[in-house]
Amino acid sequence: MQFPYQLAAKGKYSLKNVRLETGFEYENEEVTGTKTELFSIEIEDRKIKAVKPNEPSSNAIDAKGYLMLPAFRDMHIHLDKTLYGLPWQALSPKRKTVKDMIAYEQEIIPGLLKTSVERAEQLISLQQHYGTHFVRTHFNIDPTSGLQSLEHLEQALHHKKESFKAELVAFPQHGVYYTDTATLMKEAAQLKSVGFIGGLDPFSIDGSIEKVIDFTVQLALDHHKGIDIHLHEVGESGMKTINYLIDKTIENPELQGKTFVSHAFALGHLSEKETEQIAQRLAEGNVGIASSVPFRGTIMPIPTLKKYGVNVLVGNDNVQDYWSTFGSGNMLQKANLIAELYGYATEFALSRALQFATQSILPLNEKGNQQWPKAGDEAAIVLTDASCSAEAVSRISKIEALMNDGNLFWRK
C-alpha cells in the first residue's frame with residue numbers, strides 16, 4: 001500500500017467542526033449513549049494548544065463533523081519481517097516449532113534484506129491507513145542479519161518521520177546463546193535509537209531461564225534501557241520465567257514500569273486463583289504485558305490483569321508474514337476483537353475498549369467527564385466517521401485523517 005494521505009497542514013493552524021465526546025447519556029443510572037458537540041481545535045508546536053467552542057465561520061480547516069479520537073498505537077509489531085508487498089503465501093505446515101522458524105529465517109533473511117526498507121514502509125503505510133501513528137517494533141538481532149535489520153528499519157522510519165514514530169526493541173530472534181548473539185546484543189544495547197532489550201523463550205531456546213534473564217536484565221541496567229521479552233512457553237517454564245523477571249524488577253526499581261512480557265501465553269492456562277495471584281505479582285513489580293490477543297485456544301486474562309492494575313499493551317505482532325497470516329495492521333480491529341471476546345457490548349464497555357487501540361488514552365473517564373483532548377496534549381489524533389467511541393470500536397469505523405506531531409494528513 002502507498003501512503004494513503006496527503007499533507008493538509010503543519011505548524012500552527014486551527015480545525016473547526018471537530019466532533020468531541022462531552023459526556024454519557026444515562027437512563028436509571030445506566031449509560032445508554034454518548035453526548036458529543038462540535039469544537040474548534042488549535043494546533044501549535046506539535047501540541048494541542050487550545051480546545052474552544054466551535055467557530056463554523058472561521059478560516060480554519062473543516063473537520064466536517066468527524067469524530068476526533070487519540071491516534072492509535074501498536075505496541076508489539078515486527079516492521080522488519082513483513083511479507084506485505086510480496087506475493088501472497090500462507091504458512092507452511094512443515095514448520096511447527098520456534099526452532100523450525102529460526103532455521104527457516106536463517107535461509108531467507110539474506111534475500112529479504114534486499115527489499116526490507118521498501119516493505120517496512122509499505123507496512124507502515126498500511127498501519128497509517130488504519131490510524132496508527134506510533135509503534136513499538138522489535139527488530140532481529142542475529143548472526144545471519146547482524147545489525148542490518150536495524151539499519152534498514154531506521155531508513156524506513158526516517159522516510160516516514162513526519163507522519164510516524166517508533167520505539168525500538170533489540171530482539172534476539174535466534175536466541176542469545178542458541179546462536180552466537182550475545183555480542184551483537186551488547187553492541188545494539190549501546191545505540192541511542194534502541195529503547196528496549198528483547199528476549200525469546202529462555203528455557204526452550206537457550207536452555208536456561210536464569211542465565212538469559214540475568215544477561216538481559218544486566219544489559220538493560222548497564223545501558224538504561226527497558227525490557228520486552230517474547231514468552232511463548234506455557235506451563236512451568238513459562239510461569240518460572242515470568243516470576244523470575246518480576247523478582248528482578250523488584251530487586252532493581254529502575255526497571256519497574258519499563259519491563260514487559262510479550263505474549264505471556266502461560267497466563268492463559270491458569271486457574272482463576274492462580275491468575276489473580278500472578279496479576280498481583282505483576283502489579284507489585286510494575287511489569288506490563290504486551291499482548292497480541294491470541295485466539296488459538298488461548299484466551300488471555302486481560303480483564304483480570306486490568307482489574308489488578310497491570311499495564312496491558314496491545315499490538316498486531318505479525319502482519320502477513322511467515323509467522324502468521326492473520327495480522328491486519330488495524331488497531332481499531334484489535335479493540336473490536338477484544339470487545340467481542342470479553343463481552344464488552346454496552347455503550348460504556350465499548351467506549352472503554354477503545355483504550356486497547358489508543359493504549360489507555362480515552363476521551364471520557366469512568367464517570368463520563370471529558371479528559372481528552374486538553375491544551376498541552378500531544379497533537380496525535382485521528383478523525384473518523386463515527387458518532388462516538390463505542391460506534392468506532394463496534395463498526396471499526398473508517399479513518400478519514402491522521403495527525404502526528406501536529407502534521408495533519410487527510411485521506412486522498
# chains A, B, ... in the order shown; residues from 1 in each chain; ligands from 1
>>> select_by_dssp(residues="region 91-188 of chain A", states="strand (DSSP E)", output="list in words")
Thr132, His133, Phe134, Val135, Arg136, Thr137, His138, Phe139, Asn140, Lys165, Ala166, Glu167, Leu168, Val169, Ala170 and Phe171 of chain A
>>> write_last_selection(atoms="N, CA, C and O atoms", output="compact mmCIF listing (two decimals), in the first residue's frame")
# COMPACT_ATOMS: atom_id res chain seq x y z
N THR A 132 -2.89 4.37 12.84
CA THR A 132 -1.77 4.21 13.77
C THR A 132 -0.65 5.18 13.42
O THR A 132 -0.24 5.26 12.27
N HIS A 133 -0.15 5.89 14.45
CA HIS A 133 0.95 6.83 14.23
C HIS A 133 2.18 6.46 15.02
O HIS A 133 3.24 7.07 14.84
N PHE A 134 2.09 5.44 15.90
CA PHE A 134 3.20 5.11 16.80
C PHE A 134 3.23 3.60 17.01
O PHE A 134 2.17 2.97 17.18
N VAL A 135 4.44 3.02 17.02
CA VAL A 135 4.56 1.59 17.28
C VAL A 135 5.75 1.33 18.21
O VAL A 135 6.69 2.13 18.29
N ARG A 136 5.68 0.20 18.89
CA ARG A 136 6.87 -0.41 19.48
C ARG A 136 7.21 -1.59 18.58
O ARG A 136 6.44 -2.55 18.50
N THR A 137 8.33 -1.49 17.88
CA THR A 137 8.68 -2.53 16.93
C THR A 137 9.94 -3.26 17.36
O THR A 137 10.93 -2.66 17.75
N HIS A 138 9.86 -4.57 17.27
CA HIS A 138 11.02 -5.43 17.51
C HIS A 138 11.77 -5.58 16.18
O HIS A 138 11.16 -5.60 15.12
N PHE A 139 13.08 -5.68 16.26
CA PHE A 139 13.87 -5.94 15.04
C PHE A 139 14.88 -7.03 15.35
O PHE A 139 15.42 -7.11 16.46
N ASN A 140 15.12 -7.88 14.39
CA ASN A 140 16.01 -9.01 14.58
C ASN A 140 17.45 -8.59 14.87
O ASN A 140 18.01 -7.72 14.18
N LYS A 165 6.03 7.46 14.24
CA LYS A 165 7.09 7.36 15.24
C LYS A 165 7.17 5.92 15.75
O LYS A 165 6.19 5.17 15.68
N ALA A 166 8.35 5.58 16.29
CA ALA A 166 8.53 4.21 16.78
C ALA A 166 9.54 4.20 17.92
O ALA A 166 10.43 5.04 18.00
N GLU A 167 9.35 3.22 18.82
CA GLU A 167 10.39 2.88 19.78
C GLU A 167 10.86 1.46 19.45
O GLU A 167 10.06 0.62 19.02
N LEU A 168 12.16 1.20 19.62
CA LEU A 168 12.78 0.01 19.05
C LEU A 168 13.22 -0.97 20.12
O LEU A 168 13.78 -0.58 21.16
N VAL A 169 13.00 -2.25 19.84
CA VAL A 169 13.38 -3.34 20.73
C VAL A 169 14.38 -4.24 20.01
O VAL A 169 14.06 -4.81 18.96
N ALA A 170 15.59 -4.39 20.57
CA ALA A 170 16.58 -5.31 20.02
C ALA A 170 16.18 -6.74 20.38
O ALA A 170 16.20 -7.12 21.55
N PHE A 171 15.83 -7.53 19.38
CA PHE A 171 15.17 -8.82 19.60
C PHE A 171 16.07 -9.97 19.12
O PHE A 171 16.27 -10.14 17.91
>>> residues_around(residues="Gly65 (chain A)", least_positions_apart="2", cutoff="10 Å", atoms="only C-alpha atoms", output="list of chain:residue names")
A:Lys16, A:Asn17, A:Val18, A:Arg19, A:Leu20, A:Glu37, A:Leu38, A:Phe39, A:Asp62, A:Ala63, A:Leu67, A:Met68, A:Leu383, A:Thr384, A:Asp385, A:Ala386, A:Ser387
>>> closest_residue(among="A:Ser351, A:Asn404, A:Gln6, A:Gln371", to="Val51 (chain A)", atoms="only C-alpha atoms")
A:Gln371
>>> atom_distance(atom1="CA of Val117 (chain A)", atom2="CA of Ala379 (chain A)")
27.3 Å
>>> residues_around(residues="Met403 (chain A)", least_positions_apart="6", cutoff="7 Å", atoms="only C-alpha atoms", output="number ranges by chain")
A: 379-382, 409
>>> atom_distance(atom1="CA of Gln148 (chain A)", atom2="CA of Asp321 (chain A)")
18.7 Å
>>> closest_residue(among="A:Ile242, A:Ile197, A:Met331, A:Ile209", to="Val293 (chain A)", atoms="only C-alpha atoms")
A:Met331
>>> residues_around(residues="Pro301 (chain A)", least_positions_apart="6", cutoff="8 Å", atoms="only C-alpha atoms", output="PyMOL selection string")
chain A and resi 267-268+275
>>> closest_atom_pairs(of="region 211-318 of chain A", to="region 356-369 of chain A", cutoff="9 Å", atoms="only C-alpha atoms", output="tab-separated table")
residue	atom	partner	partner_atom	distance
A:Val312	CA	A:Gln359	CA	8.2
A:Leu313	CA	A:Gln359	CA	6.3
A:Val314	CA	A:Phe356	CA	6.0
A:Gly315	CA	A:Ala357	CA	8.4
>>> residues_around(residues="Gly238 (chain A)", least_positions_apart="4", cutoff="8 Å", atoms="only C-alpha atoms", output="PyMOL selection string")
chain A and resi 231-234+242+264-266
